[in-house]
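model-v6.cif (mmCIF, C-alpha atoms)
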```cif
data_final
#
loop_
_atom_site.label_atom_id
_atom_site.label_comp_id
_atom_site.auth_asym_id
_atom_site.auth_seq_id
_atom_site.Cartn_x
_atom_site.Cartn_y
_atom_site.Cartn_z
CA MET A 182 53.95 9.25 -70.34
CA THR A 183 53.95 12.76 -68.87
CA ASP A 184 53.28 12.10 -65.18
CA VAL A 185 56.08 11.54 -62.69
CA LEU A 186 55.65 8.04 -61.28
CA ASP A 187 55.50 7.59 -57.52
CA PHE A 188 54.43 4.16 -56.21
CA SER A 189 55.38 1.05 -54.26
CA HIS A 190 54.66 -2.49 -55.43
CA GLU A 191 55.25 -5.74 -53.56
CA ALA A 192 54.91 -8.99 -55.49
CA LEU A 193 53.50 -11.98 -53.63
CA PRO A 194 55.48 -15.26 -53.75
CA THR A 195 52.82 -17.67 -55.00
CA ARG A 196 53.52 -20.31 -57.63
CA VAL A 197 50.73 -20.82 -60.17
CA VAL A 198 50.07 -23.93 -62.24
CA PHE A 199 47.37 -23.43 -64.89
CA ARG A 200 46.19 -26.19 -67.21
CA PRO A 201 43.25 -28.55 -67.77
CA GLY A 202 43.47 -31.61 -65.57
CA ALA A 203 45.97 -29.98 -63.20
CA ALA A 204 43.95 -30.65 -60.04
CA VAL A 205 44.80 -34.33 -60.23
CA SER A 206 47.92 -34.30 -62.37
CA ALA A 207 49.80 -31.39 -60.77
CA THR A 208 48.76 -31.21 -57.11
CA PRO A 209 50.78 -34.26 -55.95
CA GLY A 210 53.92 -32.91 -57.60
CA GLU A 211 53.42 -29.48 -56.06
CA ALA A 212 53.03 -31.03 -52.63
CA GLU A 213 56.24 -33.01 -53.16
CA ARG A 214 58.04 -29.87 -54.34
CA LEU A 215 57.10 -28.23 -51.03
CA GLY A 216 58.30 -31.27 -49.08
CA LEU A 217 54.83 -32.08 -47.74
CA ARG A 218 54.00 -35.68 -46.81
CA ARG A 219 50.80 -35.49 -44.75
CA LEU A 220 48.21 -33.17 -46.28
CA LEU A 221 44.71 -32.54 -45.03
CA VAL A 222 42.32 -31.92 -47.94
CA VAL A 223 39.49 -29.50 -47.04
CA CYS A 224 36.32 -28.73 -48.97
CA GLY A 225 32.63 -27.96 -48.57
CA SER A 226 29.90 -30.57 -48.37
CA SER A 227 28.94 -30.01 -52.01
CA GLY A 228 32.47 -30.42 -53.33
CA THR A 229 33.49 -33.75 -51.86
CA GLY A 230 33.63 -35.51 -55.23
CA THR A 231 36.33 -33.24 -56.61
CA ALA A 232 38.16 -33.12 -53.30
CA ARG A 233 38.13 -36.92 -53.12
CA ALA A 234 39.72 -37.10 -56.57
CA VAL A 235 42.51 -34.79 -55.39
CA ALA A 236 42.88 -36.78 -52.18
CA ASP A 237 43.13 -40.02 -54.16
CA ALA A 238 45.75 -38.47 -56.43
CA LEU A 239 47.84 -37.56 -53.37
CA GLY A 240 47.83 -41.22 -52.36
CA PRO A 241 49.79 -41.90 -49.14
CA ALA A 242 50.49 -38.17 -48.81
CA CYS A 243 46.80 -37.54 -47.97
CA ALA A 244 46.25 -37.47 -44.21
CA GLY A 245 42.48 -37.12 -44.49
CA LEU A 246 39.58 -35.24 -46.04
CA HIS A 247 37.53 -32.69 -44.09
CA ASP A 248 34.33 -31.31 -45.68
CA GLY A 249 33.57 -28.66 -43.04
CA ALA A 250 33.87 -25.49 -45.15
CA ARG A 251 30.97 -23.09 -44.58
CA ARG A 252 30.00 -19.73 -46.04
CA HIS A 253 31.81 -16.73 -44.48
CA VAL A 254 34.01 -19.13 -42.41
CA PRO A 255 32.25 -19.24 -39.02
CA VAL A 256 34.73 -19.30 -36.13
CA PRO A 257 33.44 -22.64 -34.74
CA ALA A 258 33.98 -24.29 -38.14
CA ALA A 259 37.51 -22.86 -38.26
CA HIS A 260 38.29 -24.11 -34.75
CA HIS A 261 37.04 -27.60 -35.62
CA ALA A 262 39.11 -27.72 -38.81
CA VAL A 263 42.24 -26.77 -36.89
CA GLU A 264 41.56 -29.60 -34.45
CA VAL A 265 41.12 -32.03 -37.36
CA ALA A 266 44.42 -30.90 -38.91
CA ARG A 267 46.27 -31.33 -35.63
CA ALA A 268 44.70 -34.72 -34.94
CA ALA A 269 45.80 -35.88 -38.40
CA ASN A 270 49.32 -34.64 -37.69
CA ALA A 271 49.12 -32.78 -41.01
CA ASP A 272 52.16 -30.93 -42.32
CA GLY A 273 50.15 -29.06 -44.97
CA CYS A 274 46.68 -28.36 -46.28
CA VAL A 275 45.04 -28.55 -49.71
CA ALA A 276 41.87 -26.45 -50.08
CA VAL A 277 39.66 -27.61 -52.96
CA GLY A 278 36.60 -25.63 -54.03
CA GLY A 279 35.28 -22.09 -53.90
CA GLY A 280 35.84 -19.17 -51.57
CA SER A 281 34.49 -20.97 -48.51
CA SER A 282 36.95 -23.84 -48.91
CA ILE A 283 39.86 -21.52 -49.59
CA GLY A 284 38.79 -19.45 -46.59
CA LEU A 285 38.78 -22.49 -44.33
CA GLY A 286 42.21 -23.50 -45.58
CA LYS A 287 43.44 -20.01 -44.74
CA ALA A 288 41.93 -20.25 -41.26
CA ILE A 289 43.89 -23.45 -40.67
CA ALA A 290 47.08 -21.82 -41.98
CA LEU A 291 46.53 -18.76 -39.78
CA ARG A 292 46.21 -20.84 -36.61
CA THR A 293 48.80 -23.52 -37.35
CA GLY A 294 51.29 -22.04 -39.81
CA LEU A 295 50.79 -25.04 -42.12
CA PRO A 296 51.57 -24.34 -45.79
CA LEU A 297 48.49 -24.13 -48.01
CA ILE A 298 47.90 -25.32 -51.57
CA ALA A 299 44.74 -23.95 -53.22
CA VAL A 300 42.79 -25.73 -55.95
CA PRO A 301 39.95 -23.28 -56.74
CA SER A 302 36.79 -24.31 -58.55
CA THR A 303 35.13 -20.88 -58.78
CA TYR A 304 36.22 -17.42 -59.87
CA SER A 305 36.38 -15.69 -56.48
CA GLY A 306 40.12 -15.02 -56.70
CA SER A 307 40.71 -15.24 -52.95
CA GLU A 308 43.35 -17.90 -53.53
CA MET A 309 45.73 -15.17 -54.75
CA THR A 310 45.54 -13.06 -51.61
CA PRO A 311 46.93 -13.03 -48.05
CA VAL A 312 43.50 -11.89 -46.85
CA TRP A 313 41.63 -14.03 -44.32
CA GLY A 314 38.10 -13.66 -43.00
CA LEU A 315 36.26 -15.13 -40.01
CA THR A 316 32.67 -14.58 -38.87
CA GLU A 317 31.62 -14.65 -35.23
CA HIS A 318 28.45 -13.35 -33.53
CA GLY A 319 27.27 -11.76 -36.76
CA VAL A 320 30.48 -9.82 -37.40
CA LYS A 321 32.95 -10.64 -40.15
CA ARG A 322 36.56 -9.81 -39.33
CA THR A 323 39.23 -9.70 -41.99
CA GLY A 324 42.97 -9.30 -41.92
CA ARG A 325 46.15 -9.78 -43.91
CA ASP A 326 48.83 -12.29 -43.01
CA ARG A 327 51.47 -13.84 -45.26
CA SER A 328 50.98 -17.17 -43.48
CA VAL A 329 47.60 -17.67 -45.21
CA LEU A 330 48.85 -16.97 -48.72
CA PRO A 331 48.82 -20.27 -50.65
CA ARG A 332 52.30 -21.48 -51.54
CA CYS A 333 50.87 -22.80 -54.79
CA VAL A 334 47.61 -22.30 -56.67
CA VAL A 335 46.55 -25.03 -59.08
CA TYR A 336 44.13 -23.67 -61.67
CA ASP A 337 42.26 -26.39 -63.52
CA PRO A 338 39.57 -25.15 -65.94
CA ASP A 339 38.09 -28.65 -66.00
CA LEU A 340 36.93 -28.15 -62.39
CA THR A 341 34.72 -25.24 -63.43
CA LEU A 342 32.87 -27.07 -66.21
CA THR A 343 30.13 -28.16 -63.81
CA LEU A 344 29.94 -24.85 -61.93
CA PRO A 345 26.31 -23.75 -62.38
CA VAL A 346 25.89 -20.77 -64.67
CA PRO A 347 24.28 -18.52 -62.00
CA LEU A 348 27.20 -19.09 -59.63
CA SER A 349 29.69 -18.76 -62.48
CA VAL A 350 28.28 -15.32 -63.30
CA THR A 351 28.16 -13.99 -59.75
CA SER A 352 31.56 -15.49 -58.91
CA GLY A 353 33.01 -13.83 -62.00
CA ILE A 354 31.55 -10.43 -61.14
CA ASN A 355 32.89 -10.91 -57.61
CA ALA A 356 36.33 -11.20 -59.20
CA ILE A 357 35.71 -8.04 -61.24
CA ALA A 358 34.99 -6.24 -57.95
CA HIS A 359 38.50 -7.07 -56.75
CA ALA A 360 40.01 -5.47 -59.85
CA VAL A 361 37.72 -2.43 -59.68
CA GLU A 362 38.76 -1.55 -56.14
CA ALA A 363 42.42 -2.19 -56.95
CA LEU A 364 42.23 0.46 -59.68
CA TYR A 365 41.49 3.25 -57.21
CA ALA A 366 43.14 1.83 -54.08
CA PRO A 367 45.57 4.23 -52.38
CA ASP A 368 48.34 1.63 -52.78
CA THR A 369 47.75 0.77 -56.43
CA SER A 370 50.61 0.68 -58.92
CA PRO A 371 51.05 0.71 -62.72
CA LEU A 372 51.41 -3.08 -62.76
CA VAL A 373 48.25 -3.56 -60.69
CA GLN A 374 46.36 -1.19 -62.97
CA LEU A 375 47.42 -3.15 -66.05
CA MET A 376 46.41 -6.45 -64.46
CA ALA A 377 43.12 -5.03 -63.21
CA GLU A 378 42.11 -3.62 -66.57
CA GLU A 379 42.98 -6.87 -68.34
CA GLY A 380 41.20 -8.91 -65.68
CA VAL A 381 37.98 -6.93 -66.07
CA ARG A 382 38.18 -7.16 -69.87
CA ALA A 383 38.85 -10.88 -69.84
CA MET A 384 36.05 -11.68 -67.37
CA ALA A 385 33.48 -9.51 -69.14
CA GLU A 386 34.39 -11.29 -72.38
CA ALA A 387 34.35 -14.80 -70.90
CA LEU A 388 31.12 -14.77 -68.88
CA PRO A 389 28.69 -14.51 -71.83
CA GLY A 390 30.49 -17.48 -73.40
CA VAL A 391 30.18 -19.46 -70.17
CA ALA A 392 26.47 -18.66 -69.96
CA ALA A 393 25.90 -19.63 -73.61
CA ASP A 394 27.80 -22.93 -73.35
CA PRO A 395 28.79 -23.94 -69.81
CA GLU A 396 30.98 -26.76 -71.10
CA ALA A 397 33.00 -24.57 -73.49
CA LEU A 398 36.54 -24.97 -72.17
CA PRO A 399 37.94 -21.80 -73.85
CA ALA A 400 35.36 -19.62 -72.10
CA ARG A 401 35.91 -21.42 -68.79
CA SER A 402 39.67 -21.06 -69.16
CA GLY A 403 39.31 -17.36 -69.97
CA ALA A 404 37.20 -16.77 -66.87
CA LEU A 405 39.68 -18.60 -64.65
CA TYR A 406 42.54 -16.57 -66.17
CA ALA A 407 40.60 -13.41 -65.39
CA ALA A 408 39.98 -14.58 -61.82
CA TRP A 409 43.72 -15.10 -61.37
CA LEU A 410 44.44 -11.54 -62.51
CA CYS A 411 41.67 -9.96 -60.44
CA GLY A 412 42.58 -11.91 -57.33
CA SER A 413 46.23 -10.96 -57.74
CA CYS A 414 45.22 -7.30 -57.73
CA LEU A 415 43.30 -7.69 -54.47
CA GLY A 416 46.28 -9.48 -52.98
CA VAL A 417 48.55 -6.44 -53.14
CA THR A 418 46.14 -3.52 -52.59
CA SER A 419 43.83 -2.39 -49.83
CA MET A 420 40.04 -2.63 -49.99
CA GLY A 421 37.51 0.19 -50.09
CA LEU A 422 33.81 0.85 -49.67
CA HIS A 423 32.61 -1.98 -51.88
CA HIS A 424 34.32 -4.73 -49.88
CA LYS A 425 33.40 -3.20 -46.54
CA LEU A 426 29.74 -3.14 -47.57
CA CYS A 427 29.88 -6.75 -48.69
CA HIS A 428 31.55 -7.85 -45.46
CA VAL A 429 28.79 -6.22 -43.41
CA LEU A 430 26.02 -7.61 -45.61
CA GLY A 431 27.51 -11.09 -45.56
CA GLY A 432 28.88 -11.33 -42.05
CA THR A 433 26.05 -9.58 -40.18
CA PHE A 434 23.04 -10.34 -42.36
CA GLY A 435 24.09 -13.65 -43.91
CA LEU A 436 23.69 -12.61 -47.55
CA PRO A 437 25.34 -14.92 -50.09
CA HIS A 438 28.88 -13.81 -50.89
CA ALA A 439 29.13 -13.72 -54.68
CA GLU A 440 25.56 -12.51 -55.21
CA THR A 441 26.15 -9.65 -52.77
CA HIS A 442 29.25 -8.53 -54.65
CA THR A 443 27.32 -8.69 -57.90
CA VAL A 444 24.49 -6.48 -56.66
CA VAL A 445 26.62 -3.94 -54.78
CA LEU A 446 29.44 -3.40 -57.29
CA PRO A 447 27.69 -1.06 -59.78
CA TYR A 448 26.43 1.13 -56.94
CA ALA A 449 29.70 1.30 -55.02
CA LEU A 450 31.49 2.11 -58.27
CA ALA A 451 28.99 4.86 -59.10
CA TYR A 452 29.46 6.30 -55.60
CA ASN A 453 33.24 6.47 -56.08
CA ALA A 454 33.23 7.48 -59.77
CA PRO A 455 33.51 11.27 -59.22
CA ALA A 456 36.65 10.76 -57.14
CA ALA A 457 38.31 8.16 -59.40
CA PRO A 458 38.40 9.44 -63.01
CA GLU A 459 41.48 7.44 -64.05
CA ALA A 460 39.97 4.20 -62.77
CA MET A 461 36.75 4.97 -64.61
CA ALA A 462 38.69 5.57 -67.84
CA ARG A 463 40.43 2.21 -67.53
CA LEU A 464 37.16 0.43 -66.78
CA GLY A 465 35.56 2.17 -69.74
CA ARG A 466 38.26 0.77 -72.01
CA ALA A 467 37.95 -2.70 -70.52
CA LEU A 468 34.16 -2.77 -70.87
CA GLY A 469 33.84 -0.73 -74.07
CA THR A 470 31.58 1.87 -72.49
CA ASP A 471 31.46 5.41 -71.16
CA ASP A 472 29.32 4.30 -68.19
CA PRO A 473 31.05 1.39 -66.36
CA PRO A 474 28.57 1.15 -63.44
CA ARG A 475 25.62 0.82 -65.78
CA ALA A 476 27.53 -1.61 -68.03
CA LEU A 477 28.32 -3.90 -65.10
CA ARG A 478 24.72 -3.89 -63.93
CA THR A 479 23.53 -4.60 -67.47
CA LEU A 480 26.03 -7.46 -67.84
CA ALA A 481 24.76 -9.06 -64.64
CA GLY A 482 21.15 -8.66 -65.67
CA HIS A 483 21.64 -10.07 -69.16
CA LEU A 484 23.28 -13.14 -67.65
CA GLY A 485 20.46 -13.71 -65.18
CA ALA A 486 22.18 -12.57 -61.99
CA PRO A 487 20.28 -10.82 -59.17
CA ARG A 488 20.35 -7.04 -59.35
CA THR A 489 18.76 -5.90 -56.07
CA LEU A 490 19.53 -6.44 -52.39
CA GLY A 491 15.92 -7.36 -51.81
CA GLU A 492 16.25 -10.31 -54.18
CA ILE A 493 19.05 -11.83 -52.13
CA GLY A 494 17.43 -11.49 -48.73
CA LEU A 495 18.10 -8.05 -47.23
CA LYS A 496 15.16 -6.38 -45.48
CA GLU A 497 14.46 -2.71 -46.09
CA ALA A 498 14.43 -2.11 -42.34
CA ASP A 499 18.10 -3.15 -42.18
CA LEU A 500 19.42 -0.54 -44.63
CA ALA A 501 20.11 2.07 -41.95
CA THR A 502 22.00 -0.44 -39.80
CA VAL A 503 24.20 -1.48 -42.73
CA ALA A 504 24.93 2.17 -43.55
CA ALA A 505 25.88 2.99 -39.97
CA GLN A 506 28.17 -0.04 -39.61
CA THR A 507 29.86 0.63 -42.94
CA ALA A 508 30.41 4.37 -42.54
CA GLY A 509 31.64 3.91 -39.01
CA ASN A 510 34.47 1.59 -40.04
CA ALA A 511 35.28 2.09 -43.72
CA TYR A 512 38.49 1.07 -45.43
CA GLY A 513 40.59 3.43 -47.53
CA ASN A 514 38.34 4.85 -50.25
CA PRO A 515 38.74 7.56 -52.91
CA ARG A 516 35.56 9.35 -51.79
CA LYS A 517 34.61 10.20 -48.21
CA VAL A 518 32.22 7.64 -46.78
CA THR A 519 29.22 9.11 -44.96
CA VAL A 520 26.16 7.49 -43.43
CA ASP A 521 23.82 9.49 -45.68
CA GLY A 522 25.85 8.67 -48.79
CA VAL A 523 25.99 4.95 -48.04
CA LEU A 524 22.31 4.87 -47.14
CA ALA A 525 21.43 6.43 -50.50
CA LEU A 526 23.66 3.87 -52.25
CA LEU A 527 22.03 1.01 -50.39
CA ARG A 528 18.51 2.22 -51.02
CA ALA A 529 19.24 2.43 -54.75
CA ALA A 530 20.70 -1.09 -54.67
CA TYR A 531 17.69 -2.33 -52.72
CA GLU A 532 15.21 -0.81 -55.17
CA GLY A 533 17.20 -1.52 -58.33
CA ALA A 534 17.62 2.09 -59.44
CA GLU A 535 20.08 2.96 -62.19
CA PRO A 536 23.58 3.27 -60.64
CA GLY A 537 24.52 6.88 -60.02
CA ARG A 538 21.02 8.15 -60.72
CA TRP A 539 19.63 8.20 -57.23
#
```

Starting from the coordinates I provided, produce the structure as C-alpha cells.
Amino acid sequence: MTDVLDFSHEALPTRVVFRPGAAVSATPGEAERLGLRRLLVVCGSSGTGTARAVADALGPACAGLHDGARRHVPVPAAHHAVEVARAANADGCVAVGGGSSIGLGKAIALRTGLPLIAVPSTYSGSEMTPVWGLTEHGVKRTGRDRSVLPRCVVYDPDLTLTLPVPLSVTSGINAIAHAVEALYAPDTSPLVQLMAEEGVRAMAEALPGVAADPEALPARSGALYAAWLCGSCLGVTSMGLHHKLCHVLGGTFGLPHAETHTVVLPYALAYNAPAAPEAMARLGRALGTDDPPRALRTLAGHLGAPRTLGEIGLKEADLATVAAQTAGNAYGNPRKVTVDGVLALLRAAYEGAEPGRW
C-alpha cells in the first residue's frame, strides 16, 4: 500500500444472528437477552403468516400483532402504529418482513424509543442501518437516528425461500445499490470498501442461483449474507445521487421501491463513473467486468427485472420534475449534480439506453 490512509470509521452496535430457522428459534431468546417482555410484532398484510409464527414463538412475551406496514411508510400509517404500540403497553418491537415492515418498526422506534428487533425476509438491507424514512404529501423524508437501529437482526434464510423470484432479484440489486454508493461516499473507509466489494460479488453470484432454483438454500443464504454486508455499508456512510433519485421517484411518484433501485442504479453509476475511478475498479473486480454499469443492467435483464422507468410507471412528462427536485436537494456525491445532467440520466433510464452512452 503506497497511499497515506486518512479516514474515520464508526461501527454500529447491532447483534446479528444468522442461521436457518432462526426467526422462530432465536427471536424469543434475543428478546429475553434484551430484557423485553411485551413485544409488538409488526408486518405487512402479505406477511402475516410468517409474523404470526414469530409471534407464536414469543408466547406470553408477544403483546400483539399489527399488519399495518405500507410501502414508503406513509406518515398516517406510522402514527397509527405508534398508537397501537402504546395501547399495547409494548416495551419493544419486532419487525418481520421486507423494507416496509422494517421501516414501520423504525418509525415506532423513532417516536417511542422502543428497542427494535428486525427479522428481514427480503434483501433490502435496511435492517442494518440507522436510516429512517417517512412519506407525507408526496414527499419522502429520510434521516439518521441511532434510536431506530435494530438492537438485533435475525437473519433466517428459510424466510426467503418463498420470496418470488422477481422481488428477490430487484431486492438483491437494491442491496447492491447500497454497496455501490458506499464505495464512493465521502465518508467511506477501507473496511467499508472491503465489505462493499464482497457484498456486490456475493449478491451477483447468488441471484442467478436464486432465479434458477428459488428453493436452493445455499443461494438464498448467499443472497442474505450479501444483503447483510451491503446494508452494513449503507449504515455507516452517506448517500448520493442514486438514493436521492430513488427517494424522489418513490416518495413523490409512488414507484415501487426495489424495482426503482434496479432501474436507476446502472444509470446513476454511469453518471458518477468519471469521478469515482477507484470505486469502478472495485466494482469491476466484484462483477468480473470492465464496464460495471452495463454489467449490472445486463444482470437485471437476464434475470427478468424491469430495465426502464416507463415499465414501472413513470410518465415521460414527469422527468423534468424529478430532475429539478433531485438536483435541487442532492446528497453528497462524487460528481456535481446538475438539472441537465440528471435529466439526461433519467431520459436514458426511461428509454432504456445503454448506461453512459446517452

Please tabulate, as CSV, the residues of range 208-254 of chain A that come within 10 Å of range 425-438 of chain A, each with its closest pair of atoms and the distance in Å to one decimal, counting only C-alpha atoms and ordering rows by chain, then residue number upward.
```
residue,atom,partner,partner_atom,distance
A:Arg252,CA,A:His438,CA,7.7
A:His253,CA,A:Gly432,CA,6.6
A:Val254,CA,A:Gly432,CA,9.3
```

### Query
Which polymer residues have any atom within 10 Å of an atom of Met376 in chain A, counting all atoms listed in the file, with same-chain residues fewer than 2 positions away left out, as number ranges by chain?
A: 360, 363-364, 370-374, 378-382, 407, 409-414

### Query
For Ala449 in chain A, which of A:Gly537, A:Asp368, A:Tyr512, A:Ala393 is the closest residue, counting all atoms listed in the file?
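Between A:Gly537, A:Asp368, A:Tyr512, A:Ala393, the residue approaching Ala449 in chain A most closely is A:Gly537.
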
### Task
For Tyr406 in chain A, please output as a ChimeraX atom specification all residues within 9 Å (counting all atoms listed in the file; exclusion window: fewer than 6 positions along the same chain).
/A:199,304,336,380,383-384

### Message
Assuming the chain letters and numbering stay as they are in my file, what does the PyMOL selection byres ((chain A and resi 366) around 12) actually select? List them as number ranges by chain.
### Response
A: 188, 359-365, 367-371, 373-374, 377, 414-424, 453, 456-457, 459-460, 512-516

### Query
Excluding same-chain residues fewer than 4 positions from range 285-299 of chain A, what lies within 9 Å of it counting all atoms listed in the file, as a PyMOL selection string?
chain A and resi 208+211-212+215+217+222-224+249-251+254+256+258-260+262-263+266-267+271-278+280-281+308-309+311-315+326-336

Can those selected residues be exported to a file as a PDB file, keeping the file's coordinate frame so that it contains C-alpha atoms?
```pdb
ATOM      1  CA  THR A 208      48.760 -31.210 -57.110  1.00  0.00           C
ATOM      2  CA  GLU A 211      53.420 -29.480 -56.060  1.00  0.00           C
ATOM      3  CA  ALA A 212      53.030 -31.030 -52.630  1.00  0.00           C
ATOM      4  CA  LEU A 215      57.100 -28.230 -51.030  1.00  0.00           C
ATOM      5  CA  LEU A 217      54.830 -32.080 -47.740  1.00  0.00           C
ATOM      6  CA  VAL A 222      42.320 -31.920 -47.940  1.00  0.00           C
ATOM      7  CA  VAL A 223      39.490 -29.500 -47.040  1.00  0.00           C
ATOM      8  CA  CYS A 224      36.320 -28.730 -48.970  1.00  0.00           C
ATOM      9  CA  GLY A 249      33.570 -28.660 -43.040  1.00  0.00           C
ATOM     10  CA  ALA A 250      33.870 -25.490 -45.150  1.00  0.00           C
ATOM     11  CA  ARG A 251      30.970 -23.090 -44.580  1.00  0.00           C
ATOM     12  CA  VAL A 254      34.010 -19.130 -42.410  1.00  0.00           C
ATOM     13  CA  VAL A 256      34.730 -19.300 -36.130  1.00  0.00           C
ATOM     14  CA  ALA A 258      33.980 -24.290 -38.140  1.00  0.00           C
ATOM     15  CA  ALA A 259      37.510 -22.860 -38.260  1.00  0.00           C
ATOM     16  CA  HIS A 260      38.290 -24.110 -34.750  1.00  0.00           C
ATOM     17  CA  ALA A 262      39.110 -27.720 -38.810  1.00  0.00           C
ATOM     18  CA  VAL A 263      42.240 -26.770 -36.890  1.00  0.00           C
ATOM     19  CA  ALA A 266      44.420 -30.900 -38.910  1.00  0.00           C
ATOM     20  CA  ARG A 267      46.270 -31.330 -35.630  1.00  0.00           C
ATOM     21  CA  ALA A 271      49.120 -32.780 -41.010  1.00  0.00           C
ATOM     22  CA  ASP A 272      52.160 -30.930 -42.320  1.00  0.00           C
ATOM     23  CA  GLY A 273      50.150 -29.060 -44.970  1.00  0.00           C
ATOM     24  CA  CYS A 274      46.680 -28.360 -46.280  1.00  0.00           C
ATOM     25  CA  VAL A 275      45.040 -28.550 -49.710  1.00  0.00           C
ATOM     26  CA  ALA A 276      41.870 -26.450 -50.080  1.00  0.00           C
ATOM     27  CA  VAL A 277      39.660 -27.610 -52.960  1.00  0.00           C
ATOM     28  CA  GLY A 278      36.600 -25.630 -54.030  1.00  0.00           C
ATOM     29  CA  GLY A 280      35.840 -19.170 -51.570  1.00  0.00           C
ATOM     30  CA  SER A 281      34.490 -20.970 -48.510  1.00  0.00           C
ATOM     31  CA  GLU A 308      43.350 -17.900 -53.530  1.00  0.00           C
ATOM     32  CA  MET A 309      45.730 -15.170 -54.750  1.00  0.00           C
ATOM     33  CA  PRO A 311      46.930 -13.030 -48.050  1.00  0.00           C
ATOM     34  CA  VAL A 312      43.500 -11.890 -46.850  1.00  0.00           C
ATOM     35  CA  TRP A 313      41.630 -14.030 -44.320  1.00  0.00           C
ATOM     36  CA  GLY A 314      38.100 -13.660 -43.000  1.00  0.00           C
ATOM     37  CA  LEU A 315      36.260 -15.130 -40.010  1.00  0.00           C
ATOM     38  CA  ASP A 326      48.830 -12.290 -43.010  1.00  0.00           C
ATOM     39  CA  ARG A 327      51.470 -13.840 -45.260  1.00  0.00           C
ATOM     40  CA  SER A 328      50.980 -17.170 -43.480  1.00  0.00           C
ATOM     41  CA  VAL A 329      47.600 -17.670 -45.210  1.00  0.00           C
ATOM     42  CA  LEU A 330      48.850 -16.970 -48.720  1.00  0.00           C
ATOM     43  CA  PRO A 331      48.820 -20.270 -50.650  1.00  0.00           C
ATOM     44  CA  ARG A 332      52.300 -21.480 -51.540  1.00  0.00           C
ATOM     45  CA  CYS A 333      50.870 -22.800 -54.790  1.00  0.00           C
ATOM     46  CA  VAL A 334      47.610 -22.300 -56.670  1.00  0.00           C
ATOM     47  CA  VAL A 335      46.550 -25.030 -59.080  1.00  0.00           C
ATOM     48  CA  TYR A 336      44.130 -23.670 -61.670  1.00  0.00           C
TER      49      TYR A 336
END
```

Please write as a compact mmCIF listing (two decimals) with C-alpha atoms, in the frame of the given file the full residue list that the PyMOL selection byres ((chain A and resi 505) around 10) yields on this file.
```
# COMPACT_ATOMS: atom_id res chain seq x y z
CA LEU A 500 19.42 -0.54 -44.63
CA ALA A 501 20.11 2.07 -41.95
CA THR A 502 22.00 -0.44 -39.80
CA VAL A 503 24.20 -1.48 -42.73
CA ALA A 504 24.93 2.17 -43.55
CA GLN A 506 28.17 -0.04 -39.61
CA THR A 507 29.86 0.63 -42.94
CA ALA A 508 30.41 4.37 -42.54
CA GLY A 509 31.64 3.91 -39.01
CA ASN A 510 34.47 1.59 -40.04
CA THR A 519 29.22 9.11 -44.96
CA VAL A 520 26.16 7.49 -43.43
CA ASP A 521 23.82 9.49 -45.68
CA VAL A 523 25.99 4.95 -48.04
CA LEU A 524 22.31 4.87 -47.14
```

### Query
Of the residues A:Leu398, A:Val300, A:Ala534, A:Leu388, which is the one nearest to Pro201 in chain A, using all atoms listed in the file?
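Going through A:Leu398, A:Val300, A:Ala534, A:Leu388 one by one, the smallest distance to Pro201 in chain A is for A:Leu398.
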
### Query
From the list A:Val444, A:Ala529, A:Ala486, A:Leu342, which residue is nearest Pro395 in chain A when using only C-alpha atoms?
A:Leu342

### Task
Could you please determine the separation between CA of Ala400 in chain A and CA of Ile354 in chain A in Å, to one decimal place?
14.8 Å

#### Entry: Residue members of the PyMOL selection byres ((chain A and resi 245) around 7) in the file shown, as an NGL selection string
:A and (221-222 or 243-244 or 246-247)

### Task
Could you check which of A:Leu405, A:Val391, A:Ile283, A:Leu446 is closest to Ile357 in chain A, using only C-alpha atoms?
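Going through A:Leu405, A:Val391, A:Ile283, A:Leu446 one by one, the smallest distance to Ile357 in chain A is for A:Leu446.
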
#### Entry: Selection near Glu532 in chain A, 8 Å with all atoms listed in the file, sequence-local residues under 4 positions removed, as a ChimeraX atom specification
/A:489-491,528

Taking (38.6, -24.1, -58.4) in the file's coordinates, which residues come within 6 Å, counting only C-alpha atoms, written as an mmCIF file with C-alpha atoms, in the coordinates of the input?
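The file below, part_29.cif, is the result:
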```cif
data_model
loop_
_atom_site.group_PDB
_atom_site.id
_atom_site.type_symbol
_atom_site.label_atom_id
_atom_site.label_comp_id
_atom_site.auth_asym_id
_atom_site.auth_seq_id
_atom_site.Cartn_x
_atom_site.Cartn_y
_atom_site.Cartn_z
ATOM 1 C CA GLY A 278 36.600 -25.630 -54.030
ATOM 2 C CA GLY A 279 35.280 -22.090 -53.900
ATOM 3 C CA VAL A 300 42.790 -25.730 -55.950
ATOM 4 C CA PRO A 301 39.950 -23.280 -56.740
ATOM 5 C CA SER A 302 36.790 -24.310 -58.550
ATOM 6 C CA THR A 303 35.130 -20.880 -58.780
ATOM 7 C CA LEU A 340 36.930 -28.150 -62.390
#
```

Can you sort out the box for range 214-226 of chain A, edges along x, y and z, all listed atoms in, 5 Å on every side, with centre and edge lengths in Å to one decimal, as JSON?
```
{"center_x": 44.1, "center_y": -31.8, "center_z": -49.5, "size_x": 38.4, "size_y": 17.7, "size_z": 19.6}
```

### Residue with smallest distance to Leu220 in chain A - pool A:Asp237, A:Asp184, A:Glu386, A:Glu492, counting all atoms listed in the file
A:Asp237

### Task
Provide the CA of Arg401 in chain A to CA of Ala387 in chain A distance in Å, to one decimal place.
7.1 Å

#### Entry: Atomic separation - CA of Leu375 in chain A relative to CA of Arg325 in chain A, Å
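For CA of Arg325 in chain A relative to CA of Leu375 in chain A, the distance reads 23.1 Å.
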